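Data file: target-v1.pdb. Format and content: PDB, C-alpha atoms, pLDDT in the B column.
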ATOM      1  CA  MET A   1      -8.457 -36.198 -18.214  1.00 39.00           C
ATOM      2  CA  ALA A   2      -7.997 -39.593 -19.839  1.00 41.00           C
ATOM      3  CA  ARG A   3      -5.779 -39.834 -22.893  1.00 38.00           C
ATOM      4  CA  PRO A   4      -6.689 -41.879 -25.963  1.00 38.00           C
ATOM      5  CA  PRO A   5      -5.218 -45.355 -25.421  1.00 39.00           C
ATOM      6  CA  GLY A   6      -2.284 -46.426 -27.552  1.00 38.00           C
ATOM      7  CA  ARG A   7       1.264 -47.687 -27.565  1.00 36.00           C
ATOM      8  CA  SER A   8       4.528 -45.783 -27.424  1.00 35.00           C
ATOM      9  CA  LEU A   9       6.847 -45.063 -30.305  1.00 38.00           C
ATOM     10  CA  SER A  10      10.450 -46.221 -30.418  1.00 37.00           C
ATOM     11  CA  ASP A  11      12.545 -45.361 -27.370  1.00 37.00           C
ATOM     12  CA  ASN A  12      15.483 -44.404 -29.601  1.00 37.00           C
ATOM     13  CA  THR A  13      16.768 -40.942 -28.778  1.00 38.00           C
ATOM     14  CA  ILE A  14      17.350 -38.348 -31.490  1.00 40.00           C
ATOM     15  CA  PRO A  15      20.196 -35.915 -30.716  1.00 42.00           C
ATOM     16  CA  VAL A  16      19.481 -32.513 -32.213  1.00 41.00           C
ATOM     17  CA  GLY A  17      22.872 -30.893 -31.863  1.00 43.00           C
ATOM     18  CA  GLY A  18      26.587 -31.582 -31.715  1.00 45.00           C
ATOM     19  CA  SER A  19      28.681 -34.218 -33.452  1.00 53.00           C
ATOM     20  CA  GLY A  20      26.363 -37.050 -32.382  1.00 71.00           C
ATOM     21  CA  MET A  21      23.462 -35.982 -34.584  1.00 84.00           C
ATOM     22  CA  LYS A  22      21.759 -38.836 -36.398  1.00 91.00           C
ATOM     23  CA  ARG A  23      21.145 -38.798 -40.141  1.00 94.00           C
ATOM     24  CA  ILE A  24      17.516 -38.160 -41.069  1.00 96.00           C
ATOM     25  CA  ALA A  25      15.583 -39.335 -44.126  1.00 97.00           C
ATOM     26  CA  ILE A  26      12.182 -37.837 -44.940  1.00 97.00           C
ATOM     27  CA  LEU A  27       9.331 -39.978 -46.260  1.00 97.00           C
ATOM     28  CA  TYR A  28       6.513 -38.842 -48.541  1.00 96.00           C
ATOM     29  CA  GLN A  29       3.137 -40.454 -49.256  1.00 94.00           C
ATOM     30  CA  ALA A  30       3.521 -42.732 -52.278  1.00 92.00           C
ATOM     31  CA  ALA A  31       0.099 -44.381 -52.482  1.00 84.00           C
ATOM     32  CA  THR A  32      -3.532 -43.907 -51.496  1.00 81.00           C
ATOM     33  CA  PRO A  33      -4.154 -45.347 -48.011  1.00 82.00           C
ATOM     34  CA  PRO A  34      -6.376 -48.432 -47.897  1.00 81.00           C
ATOM     35  CA  PRO A  35     -10.034 -48.017 -46.877  1.00 77.00           C
ATOM     36  CA  ILE A  36     -10.473 -48.106 -43.110  1.00 75.00           C
ATOM     37  CA  ARG A  37     -13.871 -49.419 -42.030  1.00 73.00           C
ATOM     38  CA  GLY A  38     -15.074 -48.617 -45.544  1.00 73.00           C
ATOM     39  CA  VAL A  39     -13.849 -45.009 -45.515  1.00 74.00           C
ATOM     40  CA  VAL A  40     -11.287 -43.693 -47.995  1.00 74.00           C
ATOM     41  CA  LYS A  41      -8.841 -40.858 -47.349  1.00 77.00           C
ATOM     42  CA  PRO A  42      -7.910 -39.507 -50.798  1.00 76.00           C
ATOM     43  CA  LEU A  43      -4.253 -39.229 -51.756  1.00 79.00           C
ATOM     44  CA  LYS A  44      -2.789 -35.739 -51.500  1.00 81.00           C
ATOM     45  CA  PRO A  45      -1.441 -34.716 -54.923  1.00 81.00           C
ATOM     46  CA  GLY A  46       2.332 -34.965 -54.703  1.00 86.00           C
ATOM     47  CA  GLY A  47       2.147 -36.938 -51.467  1.00 88.00           C
ATOM     48  CA  TYR A  48       3.502 -34.088 -49.281  1.00 91.00           C
ATOM     49  CA  ARG A  49       6.725 -33.934 -51.294  1.00 93.00           C
ATOM     50  CA  ASP A  50       6.500 -30.147 -51.269  1.00 93.00           C
ATOM     51  CA  SER A  51       6.510 -29.865 -47.481  1.00 93.00           C
ATOM     52  CA  GLY A  52       9.062 -32.693 -47.272  1.00 95.00           C
ATOM     53  CA  ALA A  53      11.438 -30.610 -49.391  1.00 94.00           C
ATOM     54  CA  ASP A  54      10.807 -27.620 -47.113  1.00 95.00           C
ATOM     55  CA  ILE A  55      11.625 -29.720 -44.041  1.00 95.00           C
ATOM     56  CA  GLY A  56      14.778 -31.078 -45.662  1.00 95.00           C
ATOM     57  CA  TYR A  57      15.958 -27.631 -46.710  1.00 94.00           C
ATOM     58  CA  ALA A  58      15.426 -26.339 -43.166  1.00 94.00           C
ATOM     59  CA  LEU A  59      17.303 -29.291 -41.651  1.00 94.00           C
ATOM     60  CA  ILE A  60      20.316 -28.801 -43.918  1.00 92.00           C
ATOM     61  CA  ASN A  61      20.414 -25.092 -43.145  1.00 92.00           C
ATOM     62  CA  ALA A  62      20.325 -25.950 -39.437  1.00 92.00           C
ATOM     63  CA  GLY A  63      23.358 -28.208 -39.877  1.00 92.00           C
ATOM     64  CA  ILE A  64      21.424 -31.441 -39.338  1.00 93.00           C
ATOM     65  CA  PRO A  65      22.614 -34.330 -41.549  1.00 94.00           C
ATOM     66  CA  LEU A  66      20.053 -35.325 -44.165  1.00 95.00           C
ATOM     67  CA  VAL A  67      19.920 -38.456 -46.321  1.00 95.00           C
ATOM     68  CA  THR A  68      18.418 -37.892 -49.777  1.00 95.00           C
ATOM     69  CA  PRO A  69      17.814 -40.119 -52.820  1.00 94.00           C
ATOM     70  CA  GLY A  70      20.607 -38.410 -54.760  1.00 87.00           C
ATOM     71  CA  PRO A  71      23.837 -36.697 -53.717  1.00 84.00           C
ATOM     72  CA  CYS A  72      22.705 -33.114 -54.327  1.00 85.00           C
ATOM     73  CA  PRO A  73      19.051 -32.216 -53.648  1.00 89.00           C
ATOM     74  CA  ALA A  74      17.949 -29.201 -55.663  1.00 87.00           C
ATOM     75  CA  ALA A  75      16.139 -26.294 -54.039  1.00 84.00           C
ATOM     76  CA  ASP A  76      13.792 -26.090 -57.033  1.00 85.00           C
ATOM     77  CA  ASP A  77      13.093 -29.836 -57.351  1.00 89.00           C
ATOM     78  CA  GLU A  78      10.988 -31.337 -54.552  1.00 89.00           C
ATOM     79  CA  GLU A  79      11.464 -34.882 -55.882  1.00 89.00           C
ATOM     80  CA  THR A  80      15.160 -34.876 -54.911  1.00 92.00           C
ATOM     81  CA  TRP A  81      14.564 -34.544 -51.168  1.00 95.00           C
ATOM     82  CA  THR A  82      12.391 -37.422 -49.972  1.00 96.00           C
ATOM     83  CA  PHE A  83      11.863 -41.177 -50.143  1.00 97.00           C
ATOM     84  CA  PRO A  84       8.541 -42.977 -50.776  1.00 96.00           C
ATOM     85  CA  ASP A  85       6.908 -44.454 -47.665  1.00 96.00           C
ATOM     86  CA  THR A  86       6.980 -47.963 -49.152  1.00 95.00           C
ATOM     87  CA  PHE A  87       9.077 -50.947 -48.089  1.00 96.00           C
ATOM     88  CA  SER A  88      11.458 -50.352 -50.988  1.00 96.00           C
ATOM     89  CA  GLY A  89      11.622 -46.616 -50.310  1.00 96.00           C
ATOM     90  CA  ILE A  90      12.355 -47.081 -46.614  1.00 96.00           C
ATOM     91  CA  ASP A  91      14.949 -49.769 -47.383  1.00 96.00           C
ATOM     92  CA  GLN A  92      16.632 -47.386 -49.825  1.00 96.00           C
ATOM     93  CA  ALA A  93      16.793 -44.682 -47.155  1.00 96.00           C
ATOM     94  CA  LEU A  94      18.316 -47.106 -44.648  1.00 96.00           C
ATOM     95  CA  GLN A  95      20.842 -48.385 -47.188  1.00 95.00           C
ATOM     96  CA  LYS A  96      21.942 -44.798 -47.750  1.00 95.00           C
ATOM     97  CA  GLY A  97      22.639 -44.424 -44.048  1.00 94.00           C
ATOM     98  CA  ALA A  98      19.451 -43.030 -42.516  1.00 95.00           C
ATOM     99  CA  GLU A  99      19.248 -43.441 -38.747  1.00 95.00           C
ATOM    100  CA  VAL A 100      15.981 -41.543 -38.262  1.00 96.00           C
ATOM    101  CA  LEU A 101      12.852 -41.633 -40.443  1.00 96.00           C
ATOM    102  CA  TRP A 102      10.752 -38.462 -40.601  1.00 97.00           C
ATOM    103  CA  ALA A 103       7.233 -39.597 -41.529  1.00 95.00           C
ATOM    104  CA  ASN A 104       5.933 -36.609 -43.486  1.00 95.00           C
ATOM    105  CA  THR A 105       3.114 -38.796 -44.739  1.00 93.00           C
ATOM    106  CA  THR A 106      -0.231 -40.338 -43.854  1.00 88.00           C
ATOM    107  CA  VAL A 107       0.133 -43.447 -41.702  1.00 90.00           C
ATOM    108  CA  TYR A 108      -2.314 -46.174 -40.694  1.00 87.00           C
ATOM    109  CA  GLN A 109      -2.297 -49.583 -39.039  1.00 85.00           C
ATOM    110  CA  ASP A 110       0.091 -51.961 -40.850  1.00 88.00           C
ATOM    111  CA  HIS A 111       1.671 -49.098 -42.791  1.00 91.00           C
ATOM    112  CA  PRO A 112       5.153 -50.183 -43.996  1.00 93.00           C
ATOM    113  CA  LEU A 113       6.732 -47.778 -41.494  1.00 92.00           C
ATOM    114  CA  GLU A 114       5.228 -49.755 -38.607  1.00 91.00           C
ATOM    115  CA  HIS A 115       7.478 -52.709 -39.440  1.00 91.00           C
ATOM    116  CA  TYR A 116      10.623 -50.633 -38.796  1.00 93.00           C
ATOM    117  CA  MET A 117       9.628 -48.787 -35.635  1.00 90.00           C
ATOM    118  CA  ASP A 118      11.069 -51.296 -33.166  1.00 89.00           C
ATOM    119  CA  TYR A 119      14.649 -50.676 -34.254  1.00 88.00           C
ATOM    120  CA  ILE A 120      14.875 -47.208 -35.806  1.00 92.00           C
ATOM    121  CA  ALA A 121      13.803 -43.822 -34.476  1.00 93.00           C
ATOM    122  CA  VAL A 122      10.747 -42.288 -36.120  1.00 94.00           C
ATOM    123  CA  ILE A 123       9.552 -38.690 -36.119  1.00 94.00           C
ATOM    124  CA  GLY A 124       5.805 -38.797 -36.648  1.00 91.00           C
ATOM    125  CA  GLN A 125       2.556 -40.287 -35.457  1.00 88.00           C
ATOM    126  CA  ASP A 126       1.887 -43.775 -34.144  1.00 87.00           C
ATOM    127  CA  PRO A 127       0.091 -45.598 -36.999  1.00 86.00           C
ATOM    128  CA  GLN A 128      -2.242 -47.453 -34.638  1.00 83.00           C
ATOM    129  CA  LEU A 129      -3.354 -44.246 -32.916  1.00 84.00           C
ATOM    130  CA  VAL A 130      -3.858 -42.490 -36.244  1.00 83.00           C
ATOM    131  CA  ASP A 131      -5.825 -45.453 -37.564  1.00 79.00           C
ATOM    132  CA  ARG A 132      -8.375 -44.966 -34.795  1.00 80.00           C
ATOM    133  CA  TYR A 133      -8.380 -41.301 -33.810  1.00 81.00           C
ATOM    134  CA  GLU A 134      -8.070 -39.770 -37.273  1.00 81.00           C
ATOM    135  CA  ASP A 135     -11.695 -40.849 -37.577  1.00 82.00           C
ATOM    136  CA  LYS A 136     -13.443 -37.555 -36.802  1.00 84.00           C
ATOM    137  CA  TRP A 137     -16.563 -39.256 -35.462  1.00 85.00           C
ATOM    138  CA  VAL A 138     -14.552 -41.386 -33.030  1.00 86.00           C
ATOM    139  CA  MET A 139     -12.532 -38.366 -31.909  1.00 87.00           C
ATOM    140  CA  ASN A 140     -15.623 -36.170 -31.594  1.00 88.00           C
ATOM    141  CA  SER A 141     -17.333 -38.830 -29.472  1.00 90.00           C
ATOM    142  CA  TRP A 142     -14.264 -39.195 -27.252  1.00 91.00           C
ATOM    143  CA  LEU A 143     -14.046 -35.425 -26.699  1.00 92.00           C
ATOM    144  CA  ALA A 144     -17.744 -35.304 -25.781  1.00 92.00           C
ATOM    145  CA  SER A 145     -17.299 -38.198 -23.339  1.00 93.00           C
ATOM    146  CA  GLU A 146     -14.502 -36.250 -21.623  1.00 94.00           C
ATOM    147  CA  GLY A 147     -16.721 -33.214 -21.100  1.00 94.00           C
ATOM    148  CA  PHE A 148     -15.546 -31.012 -23.970  1.00 95.00           C
ATOM    149  CA  LEU A 149     -18.162 -28.880 -25.696  1.00 93.00           C
ATOM    150  CA  VAL A 150     -18.677 -30.131 -29.244  1.00 89.00           C
ATOM    151  CA  PRO A 151     -21.259 -29.111 -31.868  1.00 86.00           C
ATOM    152  CA  ARG A 152     -24.398 -31.189 -32.298  1.00 83.00           C
ATOM    153  CA  ALA A 153     -23.553 -33.820 -34.882  1.00 83.00           C
ATOM    154  CA  ILE A 154     -24.661 -37.064 -36.455  1.00 80.00           C
ATOM    155  CA  GLN A 155     -22.828 -39.629 -38.545  1.00 81.00           C
ATOM    156  CA  VAL A 156     -24.391 -40.447 -41.906  1.00 76.00           C
ATOM    157  CA  ARG A 157     -23.562 -43.463 -44.049  1.00 70.00           C
ATOM    158  CA  ALA A 158     -24.588 -44.396 -47.566  1.00 65.00           C
ATOM    159  CA  GLY A 159     -28.345 -44.811 -47.826  1.00 68.00           C
ATOM    160  CA  GLN A 160     -28.956 -42.872 -44.607  1.00 69.00           C
ATOM    161  CA  GLU A 161     -29.283 -39.408 -46.153  1.00 67.00           C
ATOM    162  CA  ALA A 162     -32.790 -39.047 -44.700  1.00 70.00           C
ATOM    163  CA  ALA A 163     -31.228 -38.933 -41.236  1.00 68.00           C
ATOM    164  CA  CYS A 164     -30.086 -35.391 -42.086  1.00 72.00           C
ATOM    165  CA  ASP A 165     -33.601 -34.068 -42.625  1.00 72.00           C
ATOM    166  CA  ASP A 166     -33.702 -32.739 -39.054  1.00 72.00           C
ATOM    167  CA  PHE A 167     -30.909 -30.357 -40.125  1.00 73.00           C
ATOM    168  CA  ALA A 168     -32.590 -29.341 -43.389  1.00 69.00           C
ATOM    169  CA  GLN A 169     -33.532 -25.836 -42.213  1.00 73.00           C
ATOM    170  CA  GLU A 170     -30.148 -25.106 -40.645  1.00 76.00           C
ATOM    171  CA  THR A 171     -26.766 -24.098 -41.987  1.00 81.00           C
ATOM    172  CA  VAL A 172     -24.726 -27.284 -41.742  1.00 81.00           C
ATOM    173  CA  VAL A 173     -21.015 -28.030 -42.026  1.00 82.00           C
ATOM    174  CA  LEU A 174     -20.287 -31.403 -43.614  1.00 80.00           C
ATOM    175  CA  LYS A 175     -16.993 -33.127 -42.894  1.00 80.00           C
ATOM    176  CA  PRO A 176     -15.722 -36.432 -44.226  1.00 79.00           C
ATOM    177  CA  VAL A 177     -14.853 -38.862 -41.450  1.00 78.00           C
ATOM    178  CA  ARG A 178     -11.310 -38.992 -42.791  1.00 76.00           C
ATOM    179  CA  GLY A 179      -9.524 -36.197 -44.586  1.00 71.00           C
ATOM    180  CA  ARG A 180      -6.790 -33.638 -44.182  1.00 70.00           C
ATOM    181  CA  GLY A 181      -7.089 -29.963 -43.348  1.00 70.00           C
ATOM    182  CA  SER A 182     -10.305 -28.642 -44.845  1.00 72.00           C
ATOM    183  CA  GLN A 183     -10.426 -31.175 -47.692  1.00 72.00           C
ATOM    184  CA  GLY A 184     -14.026 -32.092 -48.446  1.00 73.00           C
ATOM    185  CA  VAL A 185     -15.514 -29.698 -45.877  1.00 80.00           C
ATOM    186  CA  ARG A 186     -18.707 -28.083 -47.170  1.00 79.00           C
ATOM    187  CA  LYS A 187     -21.069 -25.442 -45.804  1.00 83.00           C
ATOM    188  CA  VAL A 188     -24.574 -26.243 -47.034  1.00 80.00           C
ATOM    189  CA  GLN A 189     -28.177 -25.300 -46.360  1.00 77.00           C
ATOM    190  CA  GLY A 190     -31.387 -26.999 -47.393  1.00 72.00           C
ATOM    191  CA  LYS A 191     -32.326 -30.649 -47.761  1.00 72.00           C
ATOM    192  CA  ASP A 192     -31.580 -30.958 -51.483  1.00 76.00           C
ATOM    193  CA  GLN A 193     -28.064 -29.541 -51.256  1.00 76.00           C
ATOM    194  CA  LEU A 194     -27.379 -31.551 -48.117  1.00 75.00           C
ATOM    195  CA  ARG A 195     -28.402 -34.843 -49.701  1.00 73.00           C
ATOM    196  CA  SER A 196     -26.537 -34.036 -52.925  1.00 75.00           C
ATOM    197  CA  GLU A 197     -23.258 -33.386 -51.112  1.00 74.00           C
ATOM    198  CA  ILE A 198     -23.560 -36.545 -49.017  1.00 72.00           C
ATOM    199  CA  HIS A 199     -24.304 -38.607 -52.121  1.00 69.00           C
ATOM    200  CA  HIS A 200     -21.214 -37.125 -53.823  1.00 67.00           C
ATOM    201  CA  TRP A 201     -19.038 -38.180 -50.895  1.00 63.00           C
ATOM    202  CA  ASN A 202     -20.402 -41.684 -50.725  1.00 58.00           C
ATOM    203  CA  THR A 203     -20.162 -42.512 -54.409  1.00 51.00           C
ATOM    204  CA  ARG A 204     -17.146 -40.660 -55.748  1.00 50.00           C
ATOM    205  CA  LEU A 205     -14.532 -39.658 -53.230  1.00 53.00           C
ATOM    206  CA  TYR A 206     -14.611 -40.948 -49.682  1.00 58.00           C
ATOM    207  CA  GLY A 207     -16.126 -44.416 -49.963  1.00 50.00           C
ATOM    208  CA  TRP A 208     -19.004 -45.981 -48.059  1.00 47.00           C
TER     209      TRP A 208
END
Could you rewrite the structure in this file as structure tokens?
Amino acid sequence: MARPPGRSLSDNTIPVGGSGMKRIAILYQAATPPPIRGVVKPLKPGGYRDSGADIGYALINAGIPLVTPGPCPAADDEETWTFPDTFSGIDQALQKGAEVLWANTTVYQDHPLEHYMDYIAVIGQDPQLVDRYEDKWVMNSWLASEGFLVPRAIQVRAGQEAACDDFAQETVVLKPVRGRGSQGVRKVQGKDQLRSEIHHWNTRLYGW
């Protein structure tokens, strides 16, 4: 089976035990990603700081050195565990001694993190691969081309709501092209509800 094309991440190794362990800094999502081919992926409230704090707490308890914005991260304060995924945030983490960046964030082509990946180890996804294959329509089409069974689907853009009329008598699951988890997923039935939900996506939340 062919794999989605892409490039490799940094070749830096990341020891996970012993005295040679590298110091890790965790990044959170600080800003809404830019539109990609006209599609917006809404910012997660808090930018994954909550899960970043969980990761940091687990690393410390496992004896893995962690770099944090302040000297003493608090178990009840998620803001004390992670750095923003901006140029200034990443620079701050490096200045404090980080040797590995844990990208607990949403990445995309030309994300600030991409400019550091040639000389520091990164735990996370390749921004260029995410930029392409996070698009559910692209990924769905690739899976179908490789022989996987996928549900019957169409892609609908702004002004093309009528293209859904063939599904008007069926129960339909709507998914935004870009999103996270089940964000924006709707189960609908009937032409009016179908068109209303698509219009809501296009004009208020996901772009197009």
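If you look at CA of Gly46 (chain A) and CA of Asp118 (chain A), they are 28.4 Å away from each other.
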Convert the output of the PyMOL selection byres ((chain A and resi 102-106) around 6) on the shown file into explicit residues, formatted as a PyMOL selection string.
chain A and resi 26-29+101+107+122-124
Write a file of the just-selected residues containing C-alpha atoms, as a CSV table (one decimal), keeping the file's coordinate frame.
chain,number,residue,atom,x,y,z
A,26,ILE,CA,12.2,-37.8,-44.9
A,27,LEU,CA,9.3,-40.0,-46.3
A,28,TYR,CA,6.5,-38.8,-48.5
A,29,GLN,CA,3.1,-40.5,-49.3
A,101,LEU,CA,12.9,-41.6,-40.4
A,107,VAL,CA,0.1,-43.4,-41.7
A,122,VAL,CA,10.7,-42.3,-36.1
A,123,ILE,CA,9.6,-38.7,-36.1
A,124,GLY,CA,5.8,-38.8,-36.6
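Atom to atom, CA of His111 (chain A) and CA of Asn140 (chain A) stand 24.3 Å apart.
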Write out as a CSV table (one decimal) with C-alpha atoms, in the frame of the given file the residues lying within 12 Å of region 68-85 of chain A, counting only C-alpha atoms and excluding same-chain residues fewer than 3 positions away.
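Okay, result-v9.csv is ready:
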chain,number,residue,atom,x,y,z
A,23,ARG,CA,21.1,-38.8,-40.1
A,24,ILE,CA,17.5,-38.2,-41.1
A,25,ALA,CA,15.6,-39.3,-44.1
A,26,ILE,CA,12.2,-37.8,-44.9
A,27,LEU,CA,9.3,-40.0,-46.3
A,28,TYR,CA,6.5,-38.8,-48.5
A,29,GLN,CA,3.1,-40.5,-49.3
A,30,ALA,CA,3.5,-42.7,-52.3
A,31,ALA,CA,0.1,-44.4,-52.5
A,32,THR,CA,-3.5,-43.9,-51.5
A,33,PRO,CA,-4.2,-45.3,-48.0
A,46,GLY,CA,2.3,-35.0,-54.7
A,47,GLY,CA,2.1,-36.9,-51.5
A,48,TYR,CA,3.5,-34.1,-49.3
A,49,ARG,CA,6.7,-33.9,-51.3
A,50,ASP,CA,6.5,-30.1,-51.3
A,51,SER,CA,6.5,-29.9,-47.5
A,52,GLY,CA,9.1,-32.7,-47.3
A,53,ALA,CA,11.4,-30.6,-49.4
A,54,ASP,CA,10.8,-27.6,-47.1
A,55,ILE,CA,11.6,-29.7,-44.0
A,56,GLY,CA,14.8,-31.1,-45.7
A,57,TYR,CA,16.0,-27.6,-46.7
A,58,ALA,CA,15.4,-26.3,-43.2
A,59,LEU,CA,17.3,-29.3,-41.7
A,60,ILE,CA,20.3,-28.8,-43.9
A,61,ASN,CA,20.4,-25.1,-43.1
A,65,PRO,CA,22.6,-34.3,-41.5
A,88,SER,CA,11.5,-50.4,-51.0
A,89,GLY,CA,11.6,-46.6,-50.3
A,90,ILE,CA,12.4,-47.1,-46.6
A,91,ASP,CA,14.9,-49.8,-47.4
A,92,GLN,CA,16.6,-47.4,-49.8
A,93,ALA,CA,16.8,-44.7,-47.2
A,94,LEU,CA,18.3,-47.1,-44.6
A,95,GLN,CA,20.8,-48.4,-47.2
A,96,LYS,CA,21.9,-44.8,-47.8
A,97,GLY,CA,22.6,-44.4,-44.0
A,98,ALA,CA,19.5,-43.0,-42.5
A,101,LEU,CA,12.9,-41.6,-40.4
A,102,TRP,CA,10.8,-38.5,-40.6
A,103,ALA,CA,7.2,-39.6,-41.5
A,104,ASN,CA,5.9,-36.6,-43.5
A,105,THR,CA,3.1,-38.8,-44.7
A,106,THR,CA,-0.2,-40.3,-43.9
A,107,VAL,CA,0.1,-43.4,-41.7
A,108,TYR,CA,-2.3,-46.2,-40.7
A,111,HIS,CA,1.7,-49.1,-42.8
A,112,PRO,CA,5.2,-50.2,-44.0
A,113,LEU,CA,6.7,-47.8,-41.5
A,114,GLU,CA,5.2,-49.8,-38.6
A,115,HIS,CA,7.5,-52.7,-39.4
A,116,TYR,CA,10.6,-50.6,-38.8
Selection dump of the PyMOL selection byres ((chain A and resi 41) around 12), as an MDAnalysis selection string:
chainID A and resid 31:40 42:44 106:108 131 134:136 176:181 183:184 201 204:208
Could you jot down the CA of Asp166 (chain A) to CA of Lys191 (chain A) separation for me, Å, one decimal place?
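Atom-to-atom, CA of Asp166 (chain A) and CA of Lys191 (chain A) are spaced 9.1 Å apart.
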With C-alpha atoms retained, output region 82-117 of chain A as a PDB file, in the first residue's frame.
ATOM      1  CA  THR A  82       3.515  25.203  28.234  1.00  0.00           C
ATOM      2  CA  PHE A  83       4.883  27.740  25.764  1.00  0.00           C
ATOM      3  CA  PRO A  84       2.958  29.373  22.884  1.00  0.00           C
ATOM      4  CA  ASP A  85       3.712  27.928  19.438  1.00  0.00           C
ATOM      5  CA  THR A  86       4.879  31.319  18.144  1.00  0.00           C
ATOM      6  CA  PHE A  87       8.392  32.419  17.207  1.00  0.00           C
ATOM      7  CA  SER A  88       8.732  34.267  20.508  1.00  0.00           C
ATOM      8  CA  GLY A  89       7.302  31.353  22.483  1.00  0.00           C
ATOM      9  CA  ILE A  90       9.616  28.815  20.865  1.00  0.00           C
ATOM     10  CA  ASP A  91      12.610  31.133  21.320  1.00  0.00           C
ATOM     11  CA  GLN A  92      11.725  31.484  25.003  1.00  0.00           C
ATOM     12  CA  ALA A  93      11.620  27.701  25.391  1.00  0.00           C
ATOM     13  CA  LEU A  94      15.013  27.333  23.707  1.00  0.00           C
ATOM     14  CA  GLN A  95      16.533  30.108  25.819  1.00  0.00           C
ATOM     15  CA  LYS A  96      15.383  28.242  28.917  1.00  0.00           C
ATOM     16  CA  GLY A  97      17.260  25.162  27.767  1.00  0.00           C
ATOM     17  CA  ALA A  98      14.760  23.087  25.792  1.00  0.00           C
ATOM     18  CA  GLU A  99      16.358  20.457  23.570  1.00  0.00           C
ATOM     19  CA  VAL A 100      13.119  18.862  22.357  1.00  0.00           C
ATOM     20  CA  LEU A 101       9.863  20.588  21.368  1.00  0.00           C
ATOM     21  CA  TRP A 102       6.629  18.673  21.970  1.00  0.00           C
ATOM     22  CA  ALA A 103       4.104  20.105  19.499  1.00  0.00           C
ATOM     23  CA  ASN A 104       0.832  19.690  21.389  1.00  0.00           C
ATOM     24  CA  THR A 105      -0.773  22.049  18.907  1.00  0.00           C
ATOM     25  CA  THR A 106      -2.218  22.351  15.418  1.00  0.00           C
ATOM     26  CA  VAL A 107       0.475  22.692  12.761  1.00  0.00           C
ATOM     27  CA  TYR A 108       0.353  23.662   9.089  1.00  0.00           C
ATOM     28  CA  GLN A 109       2.722  24.576   6.277  1.00  0.00           C
ATOM     29  CA  ASP A 110       4.977  27.494   7.294  1.00  0.00           C
ATOM     30  CA  HIS A 111       3.982  27.153  10.949  1.00  0.00           C
ATOM     31  CA  PRO A 112       6.692  28.780  13.133  1.00  0.00           C
ATOM     32  CA  LEU A 113       7.753  25.321  14.335  1.00  0.00           C
ATOM     33  CA  GLU A 114       8.759  24.369  10.787  1.00  0.00           C
ATOM     34  CA  HIS A 115      11.594  26.905  10.897  1.00  0.00           C
ATOM     35  CA  TYR A 116      13.253  25.087  13.822  1.00  0.00           C
ATOM     36  CA  MET A 117      12.885  21.475  12.721  1.00  0.00           C
TER      37      MET A 117
END
